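Visitor: The structure is given below, and queries will be raised subsequently.
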Amino acid sequence: MSGRTEGGAKERGFYGLAVTIFVVIVMALGVSTPSRAAPIDDQFQAWLQTDLWPEAKAKGISKKTFDEAFIGVKPNLKLPDLVMPGEKPTTPEKQHQAEFGPPANYFAEKIIRAVTSGGRTRDGANARVLGLIEKRYGVPGDIVLAIWGRETGFGTAKMPYDAFEVLGTKAFMSTKKDFFRTEVLAALEIVERGLAPVNAMKSSWAGALGQPQFMPTSFLKHAVDFDGDGRPDIWNSTPDVLASIANYLVHYGWVRGRGWGVEVMMPADVSCSLEGPDQGKKISDWASMGIRRADNKAFQASELKAEGFLLMPAGRSGPAFIVTPNFYVLKEYNTSDLYALFIGHAADRIAKGDATFVGTWGPVGDLHRSDIAALQRALEAKGYDVGSADGLPGFKTRRSIGVWQAKNGKAATCFPDRGLIAQLK
């Protein structure tokens with residue numbers, strides 16, 4: 001869904017795989033008992049009327065819209081990342097979203113080929129529209145197709161949740177109440193402005209809407225009427241869906257004429273701790289360090305003076321990449337390195353054929369999120385910047401691990417493992 005945080009989500013996620021994993025977890029763990037649910041229902045209804053409604057009214061939402069949106073709605077206690085009234089949030093042991101498992105699983109051929117083969121089919125069927133979109137926005141059609149395919153299987157995935165149930169529940173009792181309060185108010189605005197009726201507001205478990213999986217605020221900012229019928233329709237209009245995705249990327253700084261990046265081969269003497277969007281170098285400088293393209297082609301002459309960034313999402317246990325600023329624009333769609341890499345890689349395969357990475361993914365991803373959070377806190381205690389001790393190994397955590405390893409005479413891997421946790425205690 002459009003909009004997330006380092007390692008996490010501006011709360012969206014690949015619908016099919018993420019929801020399947022989540023449902024399995026919920027079934028295994030069970031849900032809150034009816035005796036506990038009843039008073040929470042009462043508290044939720046009181047919150048709607050005495051807390052949310054006054055703010056909605058002040059923002060121009062009618063009582064008719066508000067009541068229609070929440071008629072029969074109760075808090076959904078099966079949703080992740082909830083904090084029960086009177087309790088404090090804790091770092092979950094496991095992460096529900098697919099982006100935070102082993103990278104090899106994320107790039108499983110079955111998953112990526114469904115996007116690439118479907119993308120090529122739809123490239124032909126929508127060639128004219130994609131051409132017009134690329135001319136207007138400068139975003140290649142294969143990038144747009146890859147996002148469309150990854151988000152909702154080109155619109156085939158059905159959204160099973162009531163958006164007001166999801167957003168209302170999360171605004172009332174999630175770990176990100178303020179974020180979801182803004183989103184539920186935006187969802188009410190969508191209905192109030194006549195952009196979609198209440199019964200069309202179906203969402204993912206994170207509250208994301210339509211085929212591009214936009215959060216409501218993203219819909220209001222970025223959705224486009226590209227078919228000329230007078231309103232942006234991200235549920236049913238393919239031209240609107242594709243143009244809205246491109247418009248979203250442009251709003252976050254997509255650079256016309258540059259790709260997302262390339263896979264590279266990393267010399268052993270180049271530190272993995274050089275990773276990150278704040279440590280950019282000219283492509284020519286990376287090349288002078290011995291980094292070369294994995295396909296053995298030369299870096300494009302037009303790119304040599306441009307800035308690039310090292311990306312090693314699994315540290316030394318996976319492929320390496322030199323990426324452009326456009327890679328970080330893709331991360332604005334879903335702030336996960338693996339997600340942005342999936343989109344770039346799938347787009348390349350849609351355009352050029354199904355070539356896999358040259359590098360291989362090693363055995364990473366076996367730690368619980370709570371384990372990684374403990375490691376991050378240990379690094380913070382030693383003065384390292386890990387971004388946030390949230391249990392999600394983003395680039396700041398990875399490179400901090402590499403720096404600590406090098407300072408302590410160890411081979412820098414730039415990725416958490418059980419041995420490292422023991423050493424840092």
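Identifiers in the structure tokens: chain A, B, ... in order shown; residue index from 1 per chain; ligand index from 1 in order shown.
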So that I can see what lies close to segment 176-179 of chain A, please list as a list in words the residues with an atom at most 10 Å from it, counting only C-alpha atoms and leaving out residues fewer than 4 positions away in the same chain.
Guide: Lys10, Glu11, Asp81, Leu82, Val83, Leu167, Gly168, Thr169, Lys170, Ala171, Phe172, Glu183 and Val184 of chain A
Visitor: Just write the chosen residues, N, CA, C and O atoms, as a CSV table (one decimal), in the first residue's frame.
Guide:
```csv
chain,number,residue,atom,x,y,z
A,10,LYS,N,4.2,1.9,5.5
A,10,LYS,CA,3.3,2.9,5.7
A,10,LYS,C,2.0,2.1,5.4
A,10,LYS,O,1.2,2.4,4.6
A,11,GLU,N,2.2,0.8,5.9
A,11,GLU,CA,1.1,-0.1,6.1
A,11,GLU,C,0.5,-0.7,4.8
A,11,GLU,O,-0.7,-0.5,4.6
A,81,ASP,N,-0.7,-5.8,15.3
A,81,ASP,CA,-0.2,-4.6,15.9
A,81,ASP,C,-1.2,-3.8,16.7
A,81,ASP,O,-1.2,-2.5,16.6
A,82,LEU,N,-2.1,-4.5,17.4
A,82,LEU,CA,-3.1,-3.8,18.2
A,82,LEU,C,-2.6,-3.8,19.6
A,82,LEU,O,-1.8,-4.7,20.1
A,83,VAL,N,-3.0,-2.7,20.4
A,83,VAL,CA,-2.6,-2.6,21.8
A,83,VAL,C,-4.0,-2.5,22.5
A,83,VAL,O,-4.7,-1.6,22.4
A,167,LEU,N,-9.5,0.6,9.4
A,167,LEU,CA,-8.9,1.9,9.8
A,167,LEU,C,-9.4,2.4,11.1
A,167,LEU,O,-8.7,3.0,11.9
A,168,GLY,N,-10.7,2.2,11.4
A,168,GLY,CA,-11.3,2.6,12.7
A,168,GLY,C,-10.7,1.8,13.8
A,168,GLY,O,-10.3,2.4,14.9
A,169,THR,N,-10.5,0.5,13.6
A,169,THR,CA,-9.9,-0.3,14.7
A,169,THR,C,-8.5,0.1,15.0
A,169,THR,O,-8.1,0.3,16.1
A,170,LYS,N,-7.7,0.4,13.9
A,170,LYS,CA,-6.3,0.8,14.1
A,170,LYS,C,-6.2,2.2,14.7
A,170,LYS,O,-5.3,2.5,15.4
A,171,ALA,N,-7.1,3.1,14.3
A,171,ALA,CA,-7.0,4.4,14.8
A,171,ALA,C,-7.4,4.4,16.3
A,171,ALA,O,-6.9,5.2,17.1
A,172,PHE,N,-8.2,3.4,16.7
A,172,PHE,CA,-8.6,3.3,18.1
A,172,PHE,C,-7.6,2.6,19.0
A,172,PHE,O,-7.4,3.0,20.1
A,183,GLU,N,-5.7,8.5,8.4
A,183,GLU,CA,-6.2,7.7,7.3
A,183,GLU,C,-7.7,7.5,7.3
A,183,GLU,O,-8.4,7.5,6.3
A,184,VAL,N,-8.2,7.3,8.5
A,184,VAL,CA,-9.7,7.0,8.5
A,184,VAL,C,-10.4,8.3,8.2
A,184,VAL,O,-11.5,8.3,7.6
```
Visitor: Would you please work out which residue, of A:Tyr161, A:Ser288, A:Met84, A:Val198, is nearest to Asp67 of chain A when using only C-alpha atoms?
Guide: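 Answer, going by the shortest atom-to-atom distance: A:Val198.
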Visitor: Can you tell me, as a list in words, what residues are no more than 8 Å from Trp260 of chain A when counting only C-alpha atoms, ignoring any on the same chain fewer than 4 positions away?
Guide: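 Residues near the query, excluding close chain neighbours: Val323, Thr324, Pro325, Asn326, Phe327 and Gly344 of chain A.
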Visitor: Using only C-alpha atoms, which of the listed residues (A:Pro103, A:Gly362, A:Phe226, A:Val191) sits closest to Pro393 of chain A?
Guide: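 The shortest atom-to-atom distance to Pro393 of chain A comes from A:Pro103.
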